[in-house]
file run.pdb (PDB, C-alpha atoms, pLDDT in the B column)
ATOM      1  CA  MET A  15     159.401  95.023  67.303  1.00 43.00           C
ATOM      2  CA  SER A  16     160.080  98.716  67.691  1.00 39.00           C
ATOM      3  CA  ARG A  17     163.345  99.886  66.173  1.00 41.00           C
ATOM      4  CA  PRO A  18     165.363 102.195  68.421  1.00 38.00           C
ATOM      5  CA  THR A  19     167.579 104.752  66.777  1.00 36.00           C
ATOM      6  CA  HIS A  20     171.051 103.342  66.286  1.00 37.00           C
ATOM      7  CA  VAL A  21     173.811 105.168  68.082  1.00 35.00           C
ATOM      8  CA  ARG A  22     177.499 104.455  68.127  1.00 35.00           C
ATOM      9  CA  HIS A  23     178.117 103.777  71.778  1.00 33.00           C
ATOM     10  CA  GLY A  24     181.228 105.284  73.203  1.00 35.00           C
ATOM     11  CA  GLU A  25     181.652 108.012  70.562  1.00 35.00           C
ATOM     12  CA  GLY A  26     182.839 111.214  72.184  1.00 34.00           C
ATOM     13  CA  ALA A  27     183.426 109.474  75.516  1.00 34.00           C
ATOM     14  CA  PRO A  28     186.893 109.433  77.088  1.00 33.00           C
ATOM     15  CA  PRO A  29     188.716 106.095  76.857  1.00 35.00           C
ATOM     16  CA  ALA A  30     188.854 103.841  79.896  1.00 37.00           C
ATOM     17  CA  ARG A  31     191.676 104.621  82.299  1.00 37.00           C
ATOM     18  CA  TYR A  32     193.719 101.437  82.339  1.00 39.00           C
ATOM     19  CA  GLY A  33     197.202 101.058  83.765  1.00 41.00           C
ATOM     20  CA  GLU A  34     200.291 101.768  81.704  1.00 40.00           C
ATOM     21  CA  ASP A  35     200.957  98.076  81.065  1.00 41.00           C
ATOM     22  CA  GLU A  36     197.414  97.549  79.802  1.00 43.00           C
ATOM     23  CA  GLN A  37     197.653 100.629  77.598  1.00 44.00           C
ATOM     24  CA  ARG A  38     200.787  99.231  75.989  1.00 43.00           C
ATOM     25  CA  GLN A  39     199.120  95.847  75.516  1.00 45.00           C
ATOM     26  CA  ASP A  40     196.002  97.408  74.001  1.00 46.00           C
ATOM     27  CA  GLY A  41     198.135  99.658  71.812  1.00 46.00           C
ATOM     28  CA  ALA A  42     200.067  96.699  70.474  1.00 44.00           C
ATOM     29  CA  ALA A  43     196.830  94.910  69.640  1.00 43.00           C
ATOM     30  CA  ARG A  44     195.309  97.960  67.944  1.00 42.00           C
ATOM     31  CA  ASN A  45     198.449  98.456  65.885  1.00 38.00           C
ATOM     32  CA  GLY A  46     198.224  94.889  64.661  1.00 41.00           C
ATOM     33  CA  GLU A  47     201.333  93.659  66.438  1.00 47.00           C
ATOM     34  CA  GLY A  48     201.060  89.913  66.708  1.00 46.00           C
ATOM     35  CA  ALA A  49     198.313  89.801  64.058  1.00 62.00           C
ATOM     36  CA  SER A  50     200.295  87.270  62.041  1.00 80.00           C
ATOM     37  CA  SER A  51     198.951  84.701  59.647  1.00 85.00           C
ATOM     38  CA  GLN A  52     199.101  82.196  62.515  1.00 85.00           C
ATOM     39  CA  THR A  53     196.984  84.527  64.683  1.00 87.00           C
ATOM     40  CA  LEU A  54     194.373  84.818  61.953  1.00 88.00           C
ATOM     41  CA  ALA A  55     194.408  81.070  61.375  1.00 91.00           C
ATOM     42  CA  SER A  56     193.831  80.406  65.085  1.00 92.00           C
ATOM     43  CA  LEU A  57     190.902  82.849  65.277  1.00 95.00           C
ATOM     44  CA  MET A  58     189.357  81.492  62.076  1.00 94.00           C
ATOM     45  CA  LEU A  59     189.516  77.995  63.531  1.00 95.00           C
ATOM     46  CA  TRP A  60     188.354  78.868  67.044  1.00 97.00           C
ATOM     47  CA  LEU A  61     185.353  80.867  65.798  1.00 96.00           C
ATOM     48  CA  SER A  62     184.382  78.740  62.825  1.00 93.00           C
ATOM     49  CA  PRO A  63     181.065  76.849  62.690  1.00 89.00           C
ATOM     50  CA  ALA A  64     183.108  73.627  62.969  1.00 88.00           C
ATOM     51  CA  TYR A  65     184.378  74.437  66.455  1.00 95.00           C
ATOM     52  CA  PRO A  66     182.408  72.185  68.832  1.00 95.00           C
ATOM     53  CA  VAL A  67     180.443  74.723  70.882  1.00 96.00           C
ATOM     54  CA  GLY A  68     176.994  73.984  69.424  1.00 95.00           C
ATOM     55  CA  GLY A  69     176.363  77.529  68.189  1.00 95.00           C
ATOM     56  CA  PHE A  70     174.098  76.232  65.410  1.00 94.00           C
ATOM     57  CA  SER A  71     171.489  75.217  68.021  1.00 96.00           C
ATOM     58  CA  TYR A  72     170.866  78.731  69.429  1.00 96.00           C
ATOM     59  CA  SER A  73     168.851  81.545  67.817  1.00 97.00           C
ATOM     60  CA  HIS A  74     169.092  84.172  70.616  1.00 97.00           C
ATOM     61  CA  GLY A  75     165.283  84.518  70.583  1.00 96.00           C
ATOM     62  CA  LEU A  76     165.087  84.985  66.807  1.00 98.00           C
ATOM     63  CA  GLU A  77     162.944  81.860  66.417  1.00 97.00           C
ATOM     64  CA  TRP A  78     160.107  83.453  68.377  1.00 97.00           C
ATOM     65  CA  THR A  79     160.248  86.714  66.397  1.00 97.00           C
ATOM     66  CA  VAL A  80     159.936  84.740  63.162  1.00 97.00           C
ATOM     67  CA  GLU A  81     157.006  82.757  64.590  1.00 95.00           C
ATOM     68  CA  ALA A  82     155.340  86.036  65.613  1.00 95.00           C
ATOM     69  CA  GLY A  83     155.806  87.525  62.146  1.00 96.00           C
ATOM     70  CA  ILE A  84     158.053  90.351  63.381  1.00 96.00           C
ATOM     71  CA  VAL A  85     161.054  89.154  61.378  1.00 97.00           C
ATOM     72  CA  LYS A  86     160.030  87.864  57.968  1.00 97.00           C
ATOM     73  CA  ASP A  87     162.626  88.745  55.304  1.00 97.00           C
ATOM     74  CA  ALA A  88     166.229  89.800  54.754  1.00 97.00           C
ATOM     75  CA  ALA A  89     165.556  93.436  55.625  1.00 98.00           C
ATOM     76  CA  THR A  90     163.875  92.720  58.957  1.00 98.00           C
ATOM     77  CA  VAL A  91     166.381  90.063  60.014  1.00 98.00           C
ATOM     78  CA  GLY A  92     169.131  92.590  59.277  1.00 98.00           C
ATOM     79  CA  ASP A  93     167.330  95.196  61.399  1.00 97.00           C
ATOM     80  CA  TRP A  94     166.913  92.705  64.245  1.00 98.00           C
ATOM     81  CA  ILE A  95     170.572  91.659  64.250  1.00 98.00           C
ATOM     82  CA  GLU A  96     171.692  95.301  64.107  1.00 98.00           C
ATOM     83  CA  ASP A  97     169.747  95.957  67.307  1.00 97.00           C
ATOM     84  CA  VAL A  98     171.308  92.896  68.956  1.00 98.00           C
ATOM     85  CA  LEU A  99     174.793  94.098  68.043  1.00 98.00           C
ATOM     86  CA  VAL A 100     174.390  97.775  68.951  1.00 97.00           C
ATOM     87  CA  HIS A 101     171.972  97.645  71.878  1.00 96.00           C
ATOM     88  CA  GLY A 102     172.243  94.070  73.136  1.00 96.00           C
ATOM     89  CA  ALA A 103     174.618  91.161  73.519  1.00 97.00           C
ATOM     90  CA  GLY A 104     176.974  92.232  70.724  1.00 98.00           C
ATOM     91  CA  ARG A 105     178.270  95.321  72.502  1.00 97.00           C
ATOM     92  CA  THR A 106     177.970  93.778  75.971  1.00 97.00           C
ATOM     93  CA  ASP A 107     179.881  90.623  75.046  1.00 98.00           C
ATOM     94  CA  ALA A 108     182.661  92.631  73.396  1.00 98.00           C
ATOM     95  CA  ILE A 109     183.120  94.663  76.592  1.00 98.00           C
ATOM     96  CA  LEU A 110     183.182  91.494  78.692  1.00 98.00           C
ATOM     97  CA  LEU A 111     185.607  89.770  76.331  1.00 98.00           C
ATOM     98  CA  GLY A 112     187.925  92.750  76.577  1.00 98.00           C
ATOM     99  CA  GLU A 113     187.764  92.750  80.362  1.00 98.00           C
ATOM    100  CA  ALA A 114     188.588  89.028  80.540  1.00 98.00           C
ATOM    101  CA  TRP A 115     191.506  89.450  78.107  1.00 98.00           C
ATOM    102  CA  ARG A 116     192.947  92.403  80.001  1.00 98.00           C
ATOM    103  CA  ALA A 117     192.551  90.698  83.378  1.00 97.00           C
ATOM    104  CA  LEU A 118     194.428  87.559  82.399  1.00 97.00           C
ATOM    105  CA  THR A 119     197.022  89.469  80.412  1.00 97.00           C
ATOM    106  CA  ALA A 120     197.713  91.425  83.602  1.00 97.00           C
ATOM    107  CA  GLN A 121     197.545  88.145  85.618  1.00 96.00           C
ATOM    108  CA  ASP A 122     194.788  89.660  87.749  1.00 97.00           C
ATOM    109  CA  VAL A 123     192.718  86.599  88.666  1.00 95.00           C
ATOM    110  CA  PRO A 124     190.286  88.384  91.037  1.00 96.00           C
ATOM    111  CA  ARG A 125     189.464  90.869  88.275  1.00 97.00           C
ATOM    112  CA  PHE A 126     188.898  87.996  85.862  1.00 97.00           C
ATOM    113  CA  ASP A 127     186.644  86.158  88.331  1.00 97.00           C
ATOM    114  CA  ALA A 128     184.570  89.307  88.844  1.00 97.00           C
ATOM    115  CA  ALA A 129     184.093  89.673  85.082  1.00 97.00           C
ATOM    116  CA  ALA A 130     183.096  86.008  84.773  1.00 97.00           C
ATOM    117  CA  GLU A 131     180.500  86.375  87.543  1.00 97.00           C
ATOM    118  CA  LEU A 132     179.102  89.530  85.962  1.00 97.00           C
ATOM    119  CA  ALA A 133     178.811  87.883  82.539  1.00 97.00           C
ATOM    120  CA  ALA A 134     176.794  85.009  83.987  1.00 96.00           C
ATOM    121  CA  ALA A 135     174.569  87.367  85.977  1.00 95.00           C
ATOM    122  CA  LEU A 136     173.749  89.752  83.114  1.00 93.00           C
ATOM    123  CA  VAL A 137     171.776  87.321  80.934  1.00 93.00           C
ATOM    124  CA  PRO A 138     168.029  88.123  81.107  1.00 91.00           C
ATOM    125  CA  SER A 139     166.483  84.675  80.588  1.00 95.00           C
ATOM    126  CA  ALA A 140     167.075  81.009  81.337  1.00 95.00           C
ATOM    127  CA  GLU A 141     167.647  80.119  77.684  1.00 96.00           C
ATOM    128  CA  ARG A 142     170.080  82.956  77.127  1.00 96.00           C
ATOM    129  CA  ARG A 143     171.975  81.855  80.235  1.00 96.00           C
ATOM    130  CA  LEU A 144     172.161  78.338  78.780  1.00 96.00           C
ATOM    131  CA  GLU A 145     173.299  79.791  75.447  1.00 97.00           C
ATOM    132  CA  THR A 146     176.283  81.658  76.834  1.00 97.00           C
ATOM    133  CA  LEU A 147     177.342  79.237  79.592  1.00 97.00           C
ATOM    134  CA  ALA A 148     177.041  76.088  77.481  1.00 97.00           C
ATOM    135  CA  GLN A 149     178.976  77.589  74.584  1.00 98.00           C
ATOM    136  CA  GLY A 150     181.611  79.151  76.810  1.00 98.00           C
ATOM    137  CA  THR A 151     182.199  75.970  78.782  1.00 97.00           C
ATOM    138  CA  ALA A 152     182.372  73.933  75.559  1.00 97.00           C
ATOM    139  CA  PHE A 153     184.774  76.446  73.996  1.00 98.00           C
ATOM    140  CA  LEU A 154     187.132  76.276  76.955  1.00 97.00           C
ATOM    141  CA  ALA A 155     187.019  72.464  77.016  1.00 97.00           C
ATOM    142  CA  ALA A 156     187.675  72.173  73.268  1.00 97.00           C
ATOM    143  CA  THR A 157     190.563  74.627  73.401  1.00 97.00           C
ATOM    144  CA  LEU A 158     192.092  72.848  76.376  1.00 96.00           C
ATOM    145  CA  ALA A 159     191.837  69.507  74.598  1.00 96.00           C
ATOM    146  CA  ALA A 160     193.804  70.699  71.568  1.00 95.00           C
ATOM    147  CA  TRP A 161     195.955  73.523  72.985  1.00 95.00           C
ATOM    148  CA  PRO A 162     196.385  72.799  76.721  1.00 95.00           C
ATOM    149  CA  LYS A 163     197.665  75.511  79.033  1.00 95.00           C
ATOM    150  CA  PRO A 164     197.906  75.253  82.847  1.00 95.00           C
ATOM    151  CA  LYS A 165     196.348  78.703  83.299  1.00 93.00           C
ATOM    152  CA  LEU A 166     193.309  77.672  81.275  1.00 94.00           C
ATOM    153  CA  ALA A 167     193.025  74.336  83.056  1.00 95.00           C
ATOM    154  CA  LYS A 168     192.654  76.189  86.355  1.00 93.00           C
ATOM    155  CA  LEU A 169     189.687  78.116  84.947  1.00 93.00           C
ATOM    156  CA  ALA A 170     187.867  74.859  84.214  1.00 92.00           C
ATOM    157  CA  GLU A 171     188.451  73.248  87.611  1.00 91.00           C
ATOM    158  CA  ASN A 172     185.539  71.800  89.633  1.00 88.00           C
ATOM    159  CA  GLY A 173     183.161  71.769  86.663  1.00 89.00           C
ATOM    160  CA  ARG A 174     183.078  75.555  86.478  1.00 93.00           C
ATOM    161  CA  GLN A 175     180.797  77.028  83.838  1.00 96.00           C
ATOM    162  CA  ILE A 176     181.969  80.134  82.049  1.00 97.00           C
ATOM    163  CA  ALA A 177     180.232  82.589  79.702  1.00 98.00           C
ATOM    164  CA  TYR A 178     181.178  82.476  76.040  1.00 98.00           C
ATOM    165  CA  PRO A 179     182.849  85.920  75.711  1.00 98.00           C
ATOM    166  CA  ILE A 180     184.791  85.326  78.929  1.00 98.00           C
ATOM    167  CA  ALA A 181     186.050  81.966  77.665  1.00 98.00           C
ATOM    168  CA  VAL A 182     187.155  83.419  74.322  1.00 98.00           C
ATOM    169  CA  GLY A 183     188.857  86.382  75.988  1.00 98.00           C
ATOM    170  CA  ALA A 184     190.649  84.084  78.428  1.00 98.00           C
ATOM    171  CA  CYS A 185     191.889  81.664  75.766  1.00 97.00           C
ATOM    172  CA  ALA A 186     193.070  84.507  73.544  1.00 97.00           C
ATOM    173  CA  ALA A 187     194.974  86.151  76.403  1.00 97.00           C
ATOM    174  CA  VAL A 188     196.680  82.964  77.554  1.00 97.00           C
ATOM    175  CA  HIS A 189     197.654  82.060  73.984  1.00 96.00           C
ATOM    176  CA  GLY A 190     198.919  85.570  73.249  1.00 95.00           C
ATOM    177  CA  LEU A 191     196.325  86.512  70.627  1.00 96.00           C
ATOM    178  CA  PRO A 192     195.679  90.264  70.220  1.00 96.00           C
ATOM    179  CA  LEU A 193     192.535  91.768  71.709  1.00 97.00           C
ATOM    180  CA  VAL A 194     191.128  93.747  68.807  1.00 96.00           C
ATOM    181  CA  GLU A 195     191.361  90.909  66.304  1.00 96.00           C
ATOM    182  CA  THR A 196     189.897  88.447  68.818  1.00 97.00           C
ATOM    183  CA  ALA A 197     186.920  90.669  69.652  1.00 98.00           C
ATOM    184  CA  HIS A 198     186.262  91.422  66.001  1.00 97.00           C
ATOM    185  CA  ALA A 199     186.336  87.729  65.069  1.00 97.00           C
ATOM    186  CA  PHE A 200     184.048  86.869  67.980  1.00 98.00           C
ATOM    187  CA  ILE A 201     181.387  89.469  67.149  1.00 98.00           C
ATOM    188  CA  GLN A 202     181.581  88.686  63.432  1.00 97.00           C
ATOM    189  CA  ALA A 203     181.023  84.997  64.211  1.00 97.00           C
ATOM    190  CA  PHE A 204     178.081  85.898  66.487  1.00 98.00           C
ATOM    191  CA  ALA A 205     176.471  87.924  63.695  1.00 98.00           C
ATOM    192  CA  ALA A 206     177.051  85.082  61.229  1.00 97.00           C
ATOM    193  CA  THR A 207     175.405  82.599  63.597  1.00 97.00           C
ATOM    194  CA  LEU A 208     172.291  84.788  63.836  1.00 98.00           C
ATOM    195  CA  VAL A 209     172.179  85.221  60.056  1.00 98.00           C
ATOM    196  CA  SER A 210     172.441  81.447  59.643  1.00 97.00           C
ATOM    197  CA  ALA A 211     169.515  80.984  62.033  1.00 97.00           C
ATOM    198  CA  GLY A 212     167.490  83.501  60.019  1.00 97.00           C
ATOM    199  CA  VAL A 213     168.304  81.725  56.753  1.00 97.00           C
ATOM    200  CA  ARG A 214     166.925  78.492  58.176  1.00 96.00           C
ATOM    201  CA  LEU A 215     163.902  79.939  59.989  1.00 97.00           C
ATOM    202  CA  ILE A 216     162.348  82.435  57.576  1.00 97.00           C
ATOM    203  CA  PRO A 217     163.657  80.817  55.261  1.00 95.00           C
ATOM    204  CA  LEU A 218     166.049  82.914  53.183  1.00 95.00           C
ATOM    205  CA  GLY A 219     168.252  82.022  50.267  1.00 95.00           C
ATOM    206  CA  GLN A 220     171.989  81.842  50.798  1.00 95.00           C
ATOM    207  CA  SER A 221     172.501  84.976  48.686  1.00 97.00           C
ATOM    208  CA  ASP A 222     170.108  86.925  50.925  1.00 97.00           C
ATOM    209  CA  GLY A 223     172.041  85.708  53.962  1.00 97.00           C
ATOM    210  CA  LEU A 224     175.302  86.922  52.439  1.00 97.00           C
ATOM    211  CA  ARG A 225     173.756  90.320  51.692  1.00 98.00           C
ATOM    212  CA  VAL A 226     172.783  90.664  55.339  1.00 98.00           C
ATOM    213  CA  LEU A 227     176.324  89.763  56.412  1.00 97.00           C
ATOM    214  CA  ALA A 228     177.745  92.340  54.003  1.00 98.00           C
ATOM    215  CA  ARG A 229     175.367  94.942  55.443  1.00 97.00           C
ATOM    216  CA  LEU A 230     176.496  94.135  58.986  1.00 98.00           C
ATOM    217  CA  GLU A 231     180.237  94.083  58.285  1.00 97.00           C
ATOM    218  CA  PRO A 232     180.989  97.806  58.879  1.00 97.00           C
ATOM    219  CA  LEU A 233     178.685  97.873  61.899  1.00 98.00           C
ATOM    220  CA  VAL A 234     180.588  95.003  63.522  1.00 98.00           C
ATOM    221  CA  ALA A 235     183.807  97.003  63.285  1.00 97.00           C
ATOM    222  CA  ARG A 236     182.180 100.076  64.872  1.00 98.00           C
ATOM    223  CA  VAL A 237     180.607  98.071  67.682  1.00 98.00           C
ATOM    224  CA  VAL A 238     183.912  96.386  68.528  1.00 98.00           C
ATOM    225  CA  ALA A 239     185.868  99.647  68.479  1.00 98.00           C
ATOM    226  CA  ALA A 240     183.378 101.399  70.762  1.00 97.00           C
ATOM    227  CA  ALA A 241     183.091  98.433  73.129  1.00 98.00           C
ATOM    228  CA  LEU A 242     186.844  98.052  73.604  1.00 97.00           C
ATOM    229  CA  ALA A 243     187.132 101.768  74.384  1.00 97.00           C
ATOM    230  CA  ALA A 244     184.421 101.502  77.056  1.00 96.00           C
ATOM    231  CA  PRO A 245     185.135 100.749  80.727  1.00 94.00           C
ATOM    232  CA  LEU A 246     183.411  97.799  82.370  1.00 95.00           C
ATOM    233  CA  ASP A 247     181.019 100.184  84.130  1.00 94.00           C
ATOM    234  CA  ASP A 248     179.481 100.945  80.719  1.00 94.00           C
ATOM    235  CA  VAL A 249     178.339  97.358  80.231  1.00 94.00           C
ATOM    236  CA  GLY A 250     174.605  96.913  79.693  1.00 89.00           C
ATOM    237  CA  GLY A 251     172.008  96.990  76.947  1.00 88.00           C
ATOM    238  CA  ALA A 252     168.608  98.192  75.850  1.00 90.00           C
ATOM    239  CA  ALA A 253     167.466  95.482  73.426  1.00 91.00           C
ATOM    240  CA  ILE A 254     164.279  94.892  75.390  1.00 92.00           C
ATOM    241  CA  SER A 255     162.335  93.282  72.543  1.00 93.00           C
ATOM    242  CA  VAL A 256     165.158  90.795  72.029  1.00 93.00           C
ATOM    243  CA  ASP A 257     165.131  89.909  75.728  1.00 93.00           C
ATOM    244  CA  ILE A 258     161.353  89.416  75.708  1.00 95.00           C
ATOM    245  CA  SER A 259     161.650  87.229  72.606  1.00 96.00           C
ATOM    246  CA  SER A 260     164.104  84.948  74.387  1.00 95.00           C
ATOM    247  CA  MET A 261     161.692  84.596  77.323  1.00 95.00           C
ATOM    248  CA  ARG A 262     158.701  83.842  75.114  1.00 96.00           C
ATOM    249  CA  HIS A 263     160.720  81.278  73.201  1.00 95.00           C
ATOM    250  CA  GLU A 264     160.830  79.144  76.363  1.00 94.00           C
ATOM    251  CA  THR A 265     157.134  78.296  75.926  1.00 94.00           C
ATOM    252  CA  GLN A 266     156.982  78.307  72.128  1.00 93.00           C
ATOM    253  CA  TYR A 267     155.118  75.200  70.986  1.00 91.00           C
ATOM    254  CA  THR A 268     157.335  74.158  68.053  1.00 89.00           C
ATOM    255  CA  ARG A 269     161.035  74.914  68.340  1.00 92.00           C
ATOM    256  CA  LEU A 270     164.125  74.084  66.302  1.00 93.00           C
ATOM    257  CA  PHE A 271     166.551  75.985  68.515  1.00 95.00           C
ATOM    258  CA  ARG A 272     167.481  75.897  72.200  1.00 94.00           C
ATOM    259  CA  SER A 273     167.139  79.658  72.598  1.00 95.00           C
TER
END
call {"tool": "encode", "arguments": {"input": "run.pdb", "output": "structure tokens"}}
result
Amino acid sequence: MSRPTHVRHGEGAPPARYGEDEQRQDGAARNGEGASSQTLASLMLWLSPAYPVGGFSYSHGLEWTVEAGIVKDAATVGDWIEDVLVHGAGRTDAILLGEAWRALTAQDVPRFDAAAELAAALVPSAERRLETLAQGTAFLAATLAAWPKPKLAKLAENGRQIAYPIAVGACAAVHGLPLVETAHAFIQAFAATLVSAGVRLIPLGQSDGLRVLARLEPLVARVVAAALAAPLDDVGGAAISVDISSMRHETQYTRLFRS
């Protein structure tokens, strides 16, 4: 897989022009207001491997790259996940999560619905569509079961499927969790899921997996910061090899993962 040069998306670009209310809300989140121990506990629970969304069963196309010999050790799995975060679903999902959070915080349902439709339309393969819609729908259902809110119940009406970052952004907004912390926890959990898949597939030792996570930690923070400063029009990616891997995984003969 060719390795594009990493760039920090959004650096030097003007911030999105949101309304005054949204600017105050974003400012409060960035300043850590509301980031209490209860907030952190909620995010740790919602985005833990124990939360019943089935994240352990998806590899985001990584299984095919391991089969093809493209990813074969800690260094190459770290490279691959970096590309996913910077050029692929990491940045894109953070932008979409932010849009969903802002829309529901502003009680703008049409804006939220447009973001949800875009999130479902952006996925490049059938398995990646399954990955995001199945996890998002499961996340919303699990959150509703334990922490019911009428606003969230309306989002799940008529068997509606919802993309994972949209579901997390919606639940965080309705429950009053701050945007920056929510997005950071979501992208960190996504990176950890991919590292876990690499540990099982290559295979790697647990210490190697932790080294990859440590390597990715500062990048996650940069990706989240840039994504939340970007307007929705900047959504999109260039992780073409990752997209092709997810398509080829559909016909892979032996598979452990659903994507």
call {"tool": "residues_near_point", "arguments": {"input": "run.pdb", "point": "(168.2, 91.7, 63.5)", "cutoff": "10 Å", "atoms": "all atoms listed in the file", "output": "list of chain:residue names"}}
result
A:Arg17, A:Leu76, A:Thr79, A:Val85, A:Ala88, A:Ala89, A:Thr90, A:Val91, A:Gly92, A:Asp93, A:Trp94, A:Ile95, A:Glu96, A:Asp97, A:Val98, A:Leu99, A:Ala205, A:Leu208, A:Val209, A:Gly212, A:Val226, A:Leu230, A:Val256
call {"tool": "residues_around", "arguments": {"input": "run.pdb", "residues": "Leu166 (chain A)", "least_positions_apart": "3", "cutoff": "9 Å", "atoms": "only C-alpha atoms", "output": "PyMOL selection string"}}
result
chain A and resi 154+157-158+162-163+169-170+184-185+188
call {"tool": "closest_residue", "arguments": {"input": "run.pdb", "among": "A:Ala235, A:Leu227, A:Ile258, A:Leu215", "to": "Phe271 (chain A)", "atoms": "all atoms listed in the file"}}
result
A:Leu215
call {"tool": "closest_residue", "arguments": {"input": "run.pdb", "among": "A:Ala140, A:Ala134, A:Ile84, A:Val237", "to": "Ser260 (chain A)", "atoms": "all atoms listed in the file"}}
result
A:Ala140
call {"tool": "residues_near_point", "arguments": {"input": "run.pdb", "point": "(177.8, 95.3, 65.7)", "cutoff": "10 Å", "atoms": "all atoms listed in the file", "output": "ChimeraX atom specification"}}
result
/A:22,95-105,108,198,201-202,204-205,230-241
call {"tool": "closest_residue", "arguments": {"input": "run.pdb", "among": "A:Asp107, A:Asp222, A:Glu131, A:Glu145", "to": "Gly68 (chain A)", "atoms": "all atoms listed in the file"}}
result
A:Glu145
call {"tool": "resolve_selection", "arguments": {"input": "run.pdb", "expression": "the PyMOL selection byres ((chain A and resi 119) around 10)", "output": "ChimeraX atom specification"}}
result
/A:35-36,39,113-118,120-123,126,183-184,186-190
call {"tool": "closest_residue", "arguments": {"input": "run.pdb", "among": "A:Arg143, A:Arg125, A:His74, A:Arg229", "to": "Leu246 (chain A)", "atoms": "all atoms listed in the file"}}
result
A:Arg125
call {"tool": "atom_distance", "arguments": {"input": "run.pdb", "atom1": "CA of Ala177 (chain A)", "atom2": "CA of Ala133 (chain A)"}}
result
6.2 Å
call {"tool": "residues_around", "arguments": {"input": "run.pdb", "residues": "Pro66 (chain A)", "least_positions_apart": "3", "cutoff": "9 Å", "atoms": "all atoms listed in the file", "output": "mmCIF file with C-alpha atoms, in the coordinates of the input"}}
result
data_model
loop_
_atom_site.group_PDB
_atom_site.id
_atom_site.type_symbol
_atom_site.label_atom_id
_atom_site.label_comp_id
_atom_site.auth_asym_id
_atom_site.auth_seq_id
_atom_site.Cartn_x
_atom_site.Cartn_y
_atom_site.Cartn_z
ATOM 1 C CA PRO A 63 181.065 76.849 62.690
ATOM 2 C CA GLY A 69 176.363 77.529 68.189
ATOM 3 C CA GLN A 149 178.976 77.589 74.584
ATOM 4 C CA ALA A 152 182.372 73.933 75.559
ATOM 5 C CA PHE A 153 184.774 76.446 73.996
ATOM 6 C CA ALA A 156 187.675 72.173 73.268
#
call {"tool": "closest_residue", "arguments": {"input": "run.pdb", "among": "A:Tyr65, A:Gly250, A:His263, A:Leu270", "to": "Ala135 (chain A)", "atoms": "all atoms listed in the file"}}
result
A:Gly250
call {"tool": "atom_distance", "arguments": {"input": "run.pdb", "atom1": "CA of Ala55 (chain A)", "atom2": "CA of Ala211 (chain A)"}}
result
24.9 Å
call {"tool": "atom_distance", "arguments": {"input": "run.pdb", "atom1": "CA of Ala253 (chain A)", "atom2": "CA of Leu144 (chain A)"}}
result
18.6 Å
call {"tool": "closest_residue", "arguments": {"input": "run.pdb", "among": "A:Val194, A:Leu224, A:Ala243, A:Ala252", "to": "Leu57 (chain A)", "atoms": "all atoms listed in the file"}}
result
A:Val194
call {"tool": "resolve_selection", "arguments": {"input": "run.pdb", "expression": "the PyMOL selection byres ((chain A and resi 171-175) around 8)", "output": "list in words"}}
result
Leu147, Ala148, Gly150, Thr151, Ala167, Lys168, Leu169, Ala170, Ile176 and Ala177 of chain A
